[in-house]
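A short write-up of the structure that comes next.
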Amino acid sequence: MKKILFNMTDAELAQFVENMGLPRFRAKQIREWLNRGAPDFSVMKNLPEKLRDDLNANAQTLPLRVVKELESSDGQTTKFLLELGDGEQIECVLMRTSYGNSVCVSSQAGCAMGCKFCASTLLGLKRNLTVNEIYAQILVAQWELRNDKLSDKPIRPNGDANNGDVSHIVIMGTGEPLQNVENVIGFIERANSDMGIGWRKITVSTCGIVPGIHELTRWGRPINLAISLHAPTDELRSKIMPINNKYHLQDVLDAAFEFSGLHNRQLMIEYILLAVRGENGEPELLNCTPEYAEKLSELLRGQNCMVNLIPWNAVDERDFVSPSGNAVHRFQDILIKNGVHTRIRRERGNDIGSACGQLRLKHKK
Ligand code: SF4
């Protein structure tokens with residue numbers, strides 16, 4: 001098995017270089033390339049060609065490699081299918097937005113949570129990702145942005161030039177971050193210290209692991225928290241999200257508002273709008289009827305939060321269908337009328353299946 005140089009400490013890398021009979025300064029050169037996300041040794045042009053070939057034969061740079069890369073037709077979203085050292089696969093998504101470059105990273109290979117609308121959970125949980133494996137996803141995106149810059153691609157939707165840096169992180173890819181909370185915290189600390197990404201530009205999204213939310217509260221950094229809510233009653237939520245049988249809706253919201261209140265941050269509420277196919281073949285609203293909009297308003301009225309409404313993005317293996325545009329807007333109107341901040345999230349990268357887990361699932365098949 002090839003050695004992964006990114007996982008080595010500086011001392012280990014120096015020893016590795018020395019064992020190859022090379023001067024020590026090569027370790028420093030290699031480290032600089034690793035920190036920039038070099039996908040292999042061929043790109044390290046300040047190393048002799050023979051050395052690059054030897055390194056490619058015996059070692060790899062990052063703890064993951066890009067298996068597939070898809071770009072949306074508008075060029076704003078790039079989705080990566082990545083393979084870890086043990087063959088497990090994960091996804092990460094780079095979004096070039098008007099406010100910066102945002103990367104959505106995975107925290108686990110697969111997921112045990114069983115949410116009924118999600119492709120990531122269909123193959124179960126394989127394992128937690130290490131700090132390095134989460135961090136390396138950012139480096140993959142950073143490398144891509146550097147290539148954007150070299151190719152003079154017009155980057156931002158608002159026409160701004162791209163400065164080539166990742167500016168925002170969302171931990172919302174494959175996996176439940178708060179089931180891997182220690183490594184997720186380690187990753188965030190590192191993204192902040194090594195890459196200079198501000199706490200307020202980092203968002204953790206959870207399906208509602210209450211002890212994990214409390215742990216974030218104790219940790220005390222002013223990051224953003226997003227709750228995947230998707231239903232305003234325990235009865236309905238337990239049907240869509242089995243975790244609700246363990247951590248009930250109100251307990252999740254209490255813990256989440258305690259966290260966001262601590263730093264005076266707005267809590268993000270994620271709400272996928274789902275319909276099912278009725279007997280006559282027409283969509284029948286599941287969690288987005290006017291009654292549910294009223295119930296959701298009751299839960300959130302007067303709280304410092306923003307509801308992101310996400311119209312269902314089809315996953316072939318799931319039985320849901322998209323609600324009509326009218327139903328989506330009616331749901332939003334009721335929330336707004338009740339004083340709940342709400343927006344409909346623009347879907348990005350639909351043409352490349354950017355919803356969580358879709359690419360990994362297709363590739364496994
Ligand atoms: S939505 Fe998130 S927590 Fe739920 S199954 Fe998918 S990855 Fe897991």
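We label chains A, B, ... in the order they appear in the structure tokens, count residues from 1 in each chain, and number ligands from 1 in the order shown.
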Distance limit 8 Å, reference ligand 1, atoms considered: only C-alpha atoms and all ligand atoms. Which residues make the cut? Give them as a tab-separated table (two decimals) with N, CA and C atoms, in the first residue's frame.
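Saved the output as selection-v9.tsv:
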chain	number	residue	atom	x	y	z
A	110	GLY	N	-20.92	7.02	3.87
A	110	GLY	CA	-22.27	6.51	4.11
A	110	GLY	C	-22.89	7.18	5.32
A	111	CYS	N	-24.06	6.69	5.70
A	111	CYS	CA	-24.74	7.30	6.85
A	111	CYS	C	-25.72	6.30	7.44
A	112	ALA	N	-25.82	6.31	8.76
A	112	ALA	CA	-26.69	5.35	9.44
A	112	ALA	C	-28.07	5.91	9.75
A	113	MET	N	-28.31	7.17	9.42
A	113	MET	CA	-29.49	7.86	9.93
A	113	MET	C	-30.80	7.45	9.26
A	114	GLY	N	-30.73	6.97	8.04
A	114	GLY	CA	-31.93	6.41	7.40
A	114	GLY	C	-33.00	7.40	6.99
A	115	CYS	N	-32.65	8.68	6.77
A	115	CYS	CA	-33.66	9.65	6.32
A	115	CYS	C	-34.26	9.16	5.00
A	116	LYS	N	-35.56	9.22	4.91
A	116	LYS	CA	-36.25	8.56	3.80
A	116	LYS	C	-36.04	9.22	2.44
A	117	PHE	N	-35.57	10.47	2.46
A	117	PHE	CA	-35.43	11.21	1.20
A	117	PHE	C	-34.00	11.22	0.70
A	118	CYS	N	-33.09	10.51	1.39
A	118	CYS	CA	-31.66	10.73	1.15
A	118	CYS	C	-30.98	9.51	0.54
A	119	ALA	N	-30.17	9.76	-0.49
A	119	ALA	CA	-29.46	8.66	-1.15
A	119	ALA	C	-28.23	8.21	-0.36
A	120	SER	N	-27.70	9.10	0.48
A	120	SER	CA	-26.44	8.77	1.18
A	120	SER	C	-26.59	7.61	2.15
A	121	THR	N	-27.81	7.38	2.60
A	121	THR	CA	-28.01	6.38	3.65
A	121	THR	C	-28.36	5.00	3.08
A	122	LEU	N	-28.58	4.93	1.76
A	122	LEU	CA	-29.10	3.69	1.18
A	122	LEU	C	-28.13	2.51	1.33
A	172	MET	N	-22.26	19.28	5.20
A	172	MET	CA	-23.63	18.90	4.86
A	172	MET	C	-23.63	17.82	3.78
A	173	GLY	N	-22.45	17.23	3.52
A	173	GLY	CA	-22.37	16.17	2.51
A	173	GLY	C	-22.78	14.84	3.12
A	174	THR	N	-22.19	13.77	2.64
A	174	THR	CA	-22.54	12.45	3.14
A	174	THR	C	-22.21	12.33	4.63
A	175	GLY	N	-23.16	11.77	5.38
A	175	GLY	CA	-22.91	11.48	6.79
A	175	GLY	C	-23.56	12.48	7.74
A	176	GLU	N	-23.65	12.06	9.00
A	176	GLU	CA	-24.18	12.93	10.06
A	176	GLU	C	-22.97	13.45	10.86
A	206	THR	N	-27.04	19.25	10.92
A	206	THR	CA	-27.33	17.97	11.60
A	206	THR	C	-28.81	17.61	11.47
A	207	CYS	N	-29.06	16.30	11.53
A	207	CYS	CA	-30.45	15.86	11.51
A	207	CYS	C	-31.04	15.92	12.92
A	228	SER	N	-31.70	19.91	9.99
A	228	SER	CA	-32.57	19.31	8.97
A	228	SER	C	-33.87	18.96	9.66
A	241	MET	N	-37.82	10.74	9.18
A	241	MET	CA	-36.47	10.72	9.75
A	241	MET	C	-36.48	9.86	11.02
A	356	CYS	N	-27.24	15.24	-2.02
A	356	CYS	CA	-26.35	14.40	-1.24
A	356	CYS	C	-26.43	12.92	-1.60
A	357	GLY	N	-25.31	12.32	-1.96
A	357	GLY	CA	-25.23	10.87	-2.11
A	357	GLY	C	-25.60	10.32	-3.47
Extract, using only C-alpha atoms, all DNA, RNA and protein residues at most 8 Å from Ser167 (chain A), discarding same-chain residues fewer than 2 positions from it, and format them as number ranges by chain.
A: 100-102, 165, 169, 197, 201
What lies within 9 Å of Val105 (chain A) using only C-alpha atoms, ignoring chain neighbours under 5 positions off, as a PyMOL selection string?
chain A and resi 90-94+134-135+137-138+169-174
Take the residues that were just selected and, keeping N, CA and C atoms, output them as a PDB file, in the first residue's frame.
ATOM      1  N   ILE A  90     -16.736   8.944  -1.182  1.00  0.00           N
ATOM      2  CA  ILE A  90     -17.502  10.061  -0.615  1.00  0.00           C
ATOM      3  C   ILE A  90     -17.676  11.127  -1.704  1.00  0.00           C
ATOM      4  N   GLU A  91     -18.456  12.140  -1.376  1.00  0.00           N
ATOM      5  CA  GLU A  91     -18.666  13.236  -2.326  1.00  0.00           C
ATOM      6  C   GLU A  91     -18.301  14.570  -1.682  1.00  0.00           C
ATOM      7  N   CYS A  92     -17.904  15.493  -2.515  1.00  0.00           N
ATOM      8  CA  CYS A  92     -17.807  16.877  -2.046  1.00  0.00           C
ATOM      9  C   CYS A  92     -18.183  17.801  -3.202  1.00  0.00           C
ATOM     10  N   VAL A  93     -18.717  18.961  -2.876  1.00  0.00           N
ATOM     11  CA  VAL A  93     -19.247  19.860  -3.910  1.00  0.00           C
ATOM     12  C   VAL A  93     -18.655  21.256  -3.721  1.00  0.00           C
ATOM     13  N   LEU A  94     -18.161  21.810  -4.807  1.00  0.00           N
ATOM     14  CA  LEU A  94     -17.652  23.184  -4.811  1.00  0.00           C
ATOM     15  C   LEU A  94     -18.681  24.080  -5.487  1.00  0.00           C
ATOM     16  N   ILE A 134     -11.394  14.760   5.952  1.00  0.00           N
ATOM     17  CA  ILE A 134     -12.359  15.857   5.755  1.00  0.00           C
ATOM     18  C   ILE A 134     -11.622  17.078   5.195  1.00  0.00           C
ATOM     19  N   TYR A 135     -10.470  17.358   5.790  1.00  0.00           N
ATOM     20  CA  TYR A 135      -9.703  18.543   5.371  1.00  0.00           C
ATOM     21  C   TYR A 135      -9.252  18.425   3.904  1.00  0.00           C
ATOM     22  N   GLN A 137     -10.732  17.280   1.459  1.00  0.00           N
ATOM     23  CA  GLN A 137     -11.803  17.651   0.511  1.00  0.00           C
ATOM     24  C   GLN A 137     -11.714  19.136   0.163  1.00  0.00           C
ATOM     25  N   ILE A 138     -11.361  19.932   1.174  1.00  0.00           N
ATOM     26  CA  ILE A 138     -11.204  21.370   0.932  1.00  0.00           C
ATOM     27  C   ILE A 138     -10.021  21.606  -0.011  1.00  0.00           C
ATOM     28  N   ILE A 169     -17.420  27.004   4.278  1.00  0.00           N
ATOM     29  CA  ILE A 169     -17.500  25.535   4.376  1.00  0.00           C
ATOM     30  C   ILE A 169     -18.864  25.161   4.951  1.00  0.00           C
ATOM     31  N   VAL A 170     -19.502  24.188   4.321  1.00  0.00           N
ATOM     32  CA  VAL A 170     -20.704  23.598   4.921  1.00  0.00           C
ATOM     33  C   VAL A 170     -20.460  22.104   5.094  1.00  0.00           C
ATOM     34  N   ILE A 171     -20.720  21.620   6.297  1.00  0.00           N
ATOM     35  CA  ILE A 171     -20.529  20.181   6.552  1.00  0.00           C
ATOM     36  C   ILE A 171     -21.921  19.569   6.433  1.00  0.00           C
ATOM     37  N   MET A 172     -22.262  19.279   5.200  1.00  0.00           N
ATOM     38  CA  MET A 172     -23.629  18.895   4.858  1.00  0.00           C
ATOM     39  C   MET A 172     -23.629  17.818   3.781  1.00  0.00           C
ATOM     40  N   GLY A 173     -22.450  17.233   3.522  1.00  0.00           N
ATOM     41  CA  GLY A 173     -22.368  16.171   2.506  1.00  0.00           C
ATOM     42  C   GLY A 173     -22.783  14.841   3.121  1.00  0.00           C
ATOM     43  N   THR A 174     -22.193  13.768   2.637  1.00  0.00           N
ATOM     44  CA  THR A 174     -22.543  12.445   3.137  1.00  0.00           C
ATOM     45  C   THR A 174     -22.212  12.329   4.629  1.00  0.00           C
TER      46      THR A 174
END
At most 9 Å is the cut-off: for each residue in region 20-137 of chain A with any atom that close to an atom of region 182-193 of chain A, write down the nearest atom pair and the distance in Å rounded to one decimal, counting only C-alpha atoms, chain first then increasing number, as JSON lines.
{"residue": "A:Ser107", "atom": "CA", "partner": "A:Val184", "partner_atom": "CA", "distance": 7.0}
{"residue": "A:Asn128", "atom": "CA", "partner": "A:Asn183", "partner_atom": "CA", "distance": 8.5}
{"residue": "A:Leu129", "atom": "CA", "partner": "A:Asn183", "partner_atom": "CA", "distance": 7.5}
{"residue": "A:Thr130", "atom": "CA", "partner": "A:Asn183", "partner_atom": "CA", "distance": 6.0}
{"residue": "A:Val131", "atom": "CA", "partner": "A:Phe187", "partner_atom": "CA", "distance": 5.1}
{"residue": "A:Asn132", "atom": "CA", "partner": "A:Phe187", "partner_atom": "CA", "distance": 7.5}
{"residue": "A:Ile134", "atom": "CA", "partner": "A:Phe187", "partner_atom": "CA", "distance": 6.6}
{"residue": "A:Tyr135", "atom": "CA", "partner": "A:Phe187", "partner_atom": "CA", "distance": 6.1}
Would you put the residues from that selection into a file with C-alpha atoms, as a PDB file, in the first residue's frame?
ATOM      1  CA  SER A 107     -18.022  13.719   7.384  1.00  0.00           C
ATOM      2  CA  ASN A 128     -16.256   7.929  10.149  1.00  0.00           C
ATOM      3  CA  LEU A 129     -13.816  10.114   8.231  1.00  0.00           C
ATOM      4  CA  THR A 130     -10.599  11.289   9.876  1.00  0.00           C
ATOM      5  CA  VAL A 131      -9.715  14.969  10.279  1.00  0.00           C
ATOM      6  CA  ASN A 132      -7.279  14.654   7.365  1.00  0.00           C
ATOM      7  CA  ILE A 134     -12.359  15.857   5.755  1.00  0.00           C
ATOM      8  CA  TYR A 135      -9.703  18.543   5.371  1.00  0.00           C
TER       9      TYR A 135
END
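Restricting the calculation to only C-alpha atoms, the smallest distance between Trp312 (chain A) and any of A:Ile336, A:Leu286, A:Met195, A:Leu139 is found for A:Leu286.
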Write down as a CSV table (one decimal) with N, CA and C atoms, in the first residue's frame the residues of region 132-303 of chain A whose backbone DSSP state falls under helix (DSSP H, G or I).
chain,number,residue,atom,x,y,z
A,132,ASN,N,-8.0,14.5,8.6
A,132,ASN,CA,-7.3,14.7,7.4
A,132,ASN,C,-8.2,14.4,6.2
A,133,GLU,N,-9.0,13.4,6.3
A,133,GLU,CA,-9.9,13.0,5.1
A,133,GLU,C,-10.9,14.1,4.9
A,134,ILE,N,-11.4,14.8,6.0
A,134,ILE,CA,-12.4,15.9,5.8
A,134,ILE,C,-11.6,17.1,5.2
A,135,TYR,N,-10.5,17.4,5.8
A,135,TYR,CA,-9.7,18.5,5.4
A,135,TYR,C,-9.3,18.4,3.9
A,136,ALA,N,-8.9,17.2,3.5
A,136,ALA,CA,-8.4,17.0,2.1
A,136,ALA,C,-9.5,17.4,1.1
A,137,GLN,N,-10.7,17.3,1.5
A,137,GLN,CA,-11.8,17.7,0.5
A,137,GLN,C,-11.7,19.1,0.2
A,138,ILE,N,-11.4,19.9,1.2
A,138,ILE,CA,-11.2,21.4,0.9
A,138,ILE,C,-10.0,21.6,0.0
A,139,LEU,N,-9.0,20.8,0.2
A,139,LEU,CA,-7.8,21.0,-0.7
A,139,LEU,C,-8.1,20.6,-2.1
A,140,VAL,N,-8.9,19.6,-2.3
A,140,VAL,CA,-9.4,19.2,-3.7
A,140,VAL,C,-10.1,20.4,-4.3
A,141,ALA,N,-11.0,21.0,-3.6
A,141,ALA,CA,-11.7,22.2,-4.1
A,141,ALA,C,-10.7,23.4,-4.4
A,142,GLN,N,-9.8,23.6,-3.4
A,142,GLN,CA,-8.9,24.7,-3.6
A,142,GLN,C,-8.0,24.5,-4.8
A,143,TRP,N,-7.6,23.3,-5.1
A,143,TRP,CA,-6.8,23.0,-6.3
A,143,TRP,C,-7.6,23.3,-7.5
A,144,GLU,N,-8.9,22.9,-7.5
A,144,GLU,CA,-9.8,23.2,-8.7
A,144,GLU,C,-9.9,24.7,-8.9
A,145,LEU,N,-10.0,25.4,-7.8
A,145,LEU,CA,-10.1,26.9,-7.9
A,145,LEU,C,-8.9,27.5,-8.5
A,146,ARG,N,-7.8,26.9,-8.1
A,146,ARG,CA,-6.5,27.4,-8.7
A,146,ARG,C,-6.4,27.2,-10.2
A,147,ASN,N,-7.0,26.0,-10.6
A,147,ASN,CA,-7.0,25.7,-12.1
A,147,ASN,C,-8.0,26.7,-12.8
A,148,ASP,N,-9.1,27.0,-12.1
A,148,ASP,CA,-10.0,28.0,-12.7
A,148,ASP,C,-9.2,29.3,-13.0
A,149,LYS,N,-8.4,29.7,-12.0
A,149,LYS,CA,-7.7,30.9,-12.1
A,149,LYS,C,-6.7,30.9,-13.3
A,150,LEU,N,-6.0,29.7,-13.4
A,150,LEU,CA,-5.0,29.6,-14.5
A,150,LEU,C,-5.7,29.6,-15.8
A,177,PRO,N,-22.6,14.7,10.7
A,177,PRO,CA,-21.4,15.3,11.3
A,177,PRO,C,-21.4,15.0,12.9
A,178,LEU,N,-22.5,15.1,13.5
A,178,LEU,CA,-22.5,15.0,15.0
A,178,LEU,C,-22.4,13.6,15.5
A,179,GLN,N,-22.3,12.6,14.5
A,179,GLN,CA,-22.0,11.3,14.9
A,179,GLN,C,-20.5,11.1,14.8
A,181,VAL,N,-18.4,13.8,15.9
A,181,VAL,CA,-18.2,15.2,16.3
A,181,VAL,C,-16.8,15.5,16.7
A,182,GLU,N,-16.0,14.6,17.2
A,182,GLU,CA,-14.6,14.9,17.6
A,182,GLU,C,-13.8,15.3,16.4
A,183,ASN,N,-13.9,14.5,15.3
A,183,ASN,CA,-13.1,14.7,14.1
A,183,ASN,C,-13.7,16.0,13.4
A,184,VAL,N,-15.0,16.2,13.4
A,184,VAL,CA,-15.5,17.4,12.8
A,184,VAL,C,-15.0,18.7,13.5
A,185,ILE,N,-15.0,18.6,14.8
A,185,ILE,CA,-14.4,19.8,15.5
A,185,ILE,C,-12.9,20.0,15.2
A,186,GLY,N,-12.2,18.8,15.1
A,186,GLY,CA,-10.8,18.9,14.8
A,186,GLY,C,-10.6,19.5,13.4
A,187,PHE,N,-11.5,19.1,12.5
A,187,PHE,CA,-11.4,19.7,11.1
A,187,PHE,C,-11.7,21.2,11.1
A,188,ILE,N,-12.7,21.6,11.8
A,188,ILE,CA,-13.1,23.0,11.8
A,188,ILE,C,-12.0,23.9,12.4
A,189,GLU,N,-11.4,23.4,13.5
A,189,GLU,CA,-10.3,24.1,14.1
A,189,GLU,C,-9.1,24.3,13.1
A,190,ARG,N,-8.9,23.2,12.4
A,190,ARG,CA,-7.8,23.3,11.4
A,190,ARG,C,-8.1,24.2,10.2
A,191,ALA,N,-9.3,24.1,9.7
A,191,ALA,CA,-9.7,25.0,8.6
A,191,ALA,C,-9.6,26.4,9.0
A,192,ASN,N,-9.9,26.7,10.3
A,192,ASN,CA,-9.8,28.1,10.8
A,192,ASN,C,-8.4,28.5,11.0
A,193,SER,N,-7.5,27.6,11.6
A,193,SER,CA,-6.2,28.0,11.8
A,193,SER,C,-5.3,28.0,10.6
A,194,ASP,N,-5.4,26.9,9.8
A,194,ASP,CA,-4.5,26.7,8.7
A,194,ASP,C,-4.9,27.4,7.4
A,195,MET,N,-6.2,27.5,7.2
A,195,MET,CA,-6.7,28.1,6.0
A,195,MET,C,-7.4,29.5,6.2
A,199,TRP,N,-14.9,31.5,11.7
A,199,TRP,CA,-15.9,30.7,12.3
A,199,TRP,C,-17.3,30.9,11.7
A,200,ARG,N,-17.6,32.2,11.4
A,200,ARG,CA,-18.9,32.5,10.9
A,200,ARG,C,-19.1,32.1,9.5
A,201,LYS,N,-18.1,31.6,8.8
A,201,LYS,CA,-18.3,31.1,7.4
A,201,LYS,C,-18.3,29.6,7.4
A,210,VAL,N,-29.0,15.4,19.6
A,210,VAL,CA,-29.0,16.4,20.7
A,210,VAL,C,-27.7,16.4,21.5
A,211,PRO,N,-27.2,15.3,21.9
A,211,PRO,CA,-25.9,15.4,22.6
A,211,PRO,C,-24.8,16.0,21.8
A,212,GLY,N,-24.8,15.8,20.5
A,212,GLY,CA,-23.8,16.5,19.7
A,212,GLY,C,-23.9,18.0,19.6
A,213,ILE,N,-25.2,18.4,19.6
A,213,ILE,CA,-25.4,19.9,19.6
A,213,ILE,C,-24.9,20.5,20.9
A,214,HIS,N,-25.2,19.7,22.1
A,214,HIS,CA,-24.7,20.2,23.3
A,214,HIS,C,-23.2,20.3,23.3
A,215,GLU,N,-22.6,19.3,22.7
A,215,GLU,CA,-21.1,19.3,22.6
A,215,GLU,C,-20.6,20.6,21.9
A,216,LEU,N,-21.3,20.9,20.8
A,216,LEU,CA,-20.9,22.1,20.1
A,216,LEU,C,-21.0,23.4,21.0
A,217,THR,N,-22.1,23.4,21.8
A,217,THR,CA,-22.3,24.5,22.7
A,217,THR,C,-21.2,24.6,23.7
A,218,ARG,N,-20.7,23.4,24.2
A,218,ARG,CA,-19.6,23.4,25.2
A,218,ARG,C,-18.3,23.9,24.5
A,219,TRP,N,-18.2,23.5,23.3
A,219,TRP,CA,-16.9,23.8,22.5
A,219,TRP,C,-16.9,25.4,22.3
A,234,ASP,N,-43.9,15.5,15.6
A,234,ASP,CA,-43.1,14.3,15.8
A,234,ASP,C,-43.6,13.2,15.0
A,235,GLU,N,-44.9,13.1,14.9
A,235,GLU,CA,-45.5,12.0,14.1
A,235,GLU,C,-45.0,11.9,12.7
A,236,LEU,N,-45.1,13.0,12.0
A,236,LEU,CA,-44.6,13.0,10.6
A,236,LEU,C,-43.1,12.9,10.5
A,237,ARG,N,-42.4,13.6,11.4
A,237,ARG,CA,-41.0,13.6,11.3
A,237,ARG,C,-40.4,12.2,11.6
A,238,SER,N,-41.0,11.5,12.5
A,238,SER,CA,-40.5,10.1,12.8
A,238,SER,C,-40.7,9.2,11.5
A,239,LYS,N,-41.7,9.5,10.7
A,239,LYS,CA,-41.9,8.7,9.5
A,239,LYS,C,-40.8,9.0,8.5
A,240,ILE,N,-40.4,10.3,8.4
A,240,ILE,CA,-39.5,10.7,7.4
A,240,ILE,C,-38.0,10.5,7.9
A,242,PRO,N,-36.0,8.6,10.9
A,242,PRO,CA,-36.1,7.7,12.1
A,242,PRO,C,-35.4,8.2,13.3
A,243,ILE,N,-34.4,9.1,13.2
A,243,ILE,CA,-33.7,9.7,14.3
A,243,ILE,C,-34.6,10.4,15.3
A,244,ASN,N,-35.8,10.8,14.7
A,244,ASN,CA,-36.8,11.6,15.6
A,244,ASN,C,-37.4,10.7,16.7
A,245,ASN,N,-37.3,9.4,16.5
A,245,ASN,CA,-37.8,8.5,17.5
A,245,ASN,C,-36.9,8.5,18.8
A,249,LEU,N,-38.5,16.3,18.2
A,249,LEU,CA,-38.5,17.6,17.6
A,249,LEU,C,-38.2,18.8,18.5
A,250,GLN,N,-39.0,18.9,19.6
A,250,GLN,CA,-38.8,20.1,20.5
A,250,GLN,C,-37.5,20.0,21.2
A,251,ASP,N,-37.0,18.8,21.6
A,251,ASP,CA,-35.7,18.7,22.2
A,251,ASP,C,-34.6,19.2,21.3
A,252,VAL,N,-34.7,18.8,20.0
A,252,VAL,CA,-33.7,19.2,19.0
A,252,VAL,C,-33.7,20.7,18.9
A,253,LEU,N,-34.9,21.3,18.7
A,253,LEU,CA,-35.0,22.8,18.6
A,253,LEU,C,-34.5,23.5,19.8
A,254,ASP,N,-34.8,23.0,21.0
A,254,ASP,CA,-34.3,23.6,22.2
A,254,ASP,C,-32.8,23.7,22.3
A,255,ALA,N,-32.2,22.5,21.9
A,255,ALA,CA,-30.7,22.5,22.0
A,255,ALA,C,-30.2,23.4,20.9
A,256,ALA,N,-30.8,23.4,19.7
A,256,ALA,CA,-30.3,24.2,18.6
A,256,ALA,C,-30.4,25.7,18.9
A,257,PHE,N,-31.5,26.1,19.5
A,257,PHE,CA,-31.6,27.6,19.8
A,257,PHE,C,-30.7,28.0,20.9
A,258,GLU,N,-30.5,27.0,21.8
A,258,GLU,CA,-29.5,27.3,22.9
A,258,GLU,C,-28.1,27.6,22.3
A,259,PHE,N,-27.7,26.8,21.3
A,259,PHE,CA,-26.4,27.0,20.7
A,259,PHE,C,-26.4,28.3,19.9
A,260,SER,N,-27.4,28.5,19.1
A,260,SER,CA,-27.3,29.7,18.2
A,260,SER,C,-27.5,31.0,19.1
A,261,GLY,N,-28.3,30.9,20.2
A,261,GLY,CA,-28.5,32.1,21.0
A,261,GLY,C,-27.2,32.5,21.7
A,262,LEU,N,-26.4,31.5,22.0
A,262,LEU,CA,-25.1,31.8,22.7
A,262,LEU,C,-24.3,32.8,21.9
A,290,PRO,N,-50.8,23.5,3.7
A,290,PRO,CA,-51.0,24.7,4.5
A,290,PRO,C,-51.1,24.4,6.0
A,291,GLU,N,-51.7,23.3,6.4
A,291,GLU,CA,-51.7,23.0,7.8
A,291,GLU,C,-50.3,22.8,8.4
A,292,TYR,N,-49.5,22.2,7.7
A,292,TYR,CA,-48.1,22.0,8.2
A,292,TYR,C,-47.4,23.3,8.2
A,293,ALA,N,-47.7,24.2,7.3
A,293,ALA,CA,-47.0,25.5,7.3
A,293,ALA,C,-47.4,26.3,8.6
A,294,GLU,N,-48.7,26.1,9.0
A,294,GLU,CA,-49.2,26.8,10.2
A,294,GLU,C,-48.4,26.2,11.4
A,295,LYS,N,-48.3,24.8,11.4
A,295,LYS,CA,-47.7,24.2,12.6
A,295,LYS,C,-46.2,24.5,12.7
A,296,LEU,N,-45.6,24.6,11.5
A,296,LEU,CA,-44.1,25.0,11.5
A,296,LEU,C,-44.0,26.5,12.0
A,297,SER,N,-44.9,27.3,11.6
A,297,SER,CA,-44.9,28.7,12.1
A,297,SER,C,-45.0,28.7,13.6
A,298,GLU,N,-45.9,27.9,14.2
A,298,GLU,CA,-46.1,27.9,15.7
A,298,GLU,C,-44.8,27.5,16.3
A,299,LEU,N,-44.0,26.6,15.7
A,299,LEU,CA,-42.8,26.1,16.3
A,299,LEU,C,-41.7,27.3,16.3
A,300,LEU,N,-41.7,28.1,15.2
A,300,LEU,CA,-40.6,28.9,15.0
A,300,LEU,C,-40.9,30.4,15.2
Please identify all polymer residues within 9 Å of region 87-89 of chain A, counting only C-alpha atoms, omitting same-chain residues fewer than 2 positions from it, and present them as a count of residues only.
14
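In terms of minimum interatomic distance to Asn7 (chain A), A:Gln60 ranks closest within A:Gln60, A:Glu32, A:Pro48, A:Gly21, counting only C-alpha atoms.
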From the DSSP assignment of the backbone, select every residue of region 225-268 of chain A that is strand (DSSP E or B), and format the answer as a list in words.
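In region 225-268 of chain A, DSSP puts these residues in strand (DSSP E or B): Leu225, Ala226, Ile227, Ser228, Leu267 and Met268 of chain A.
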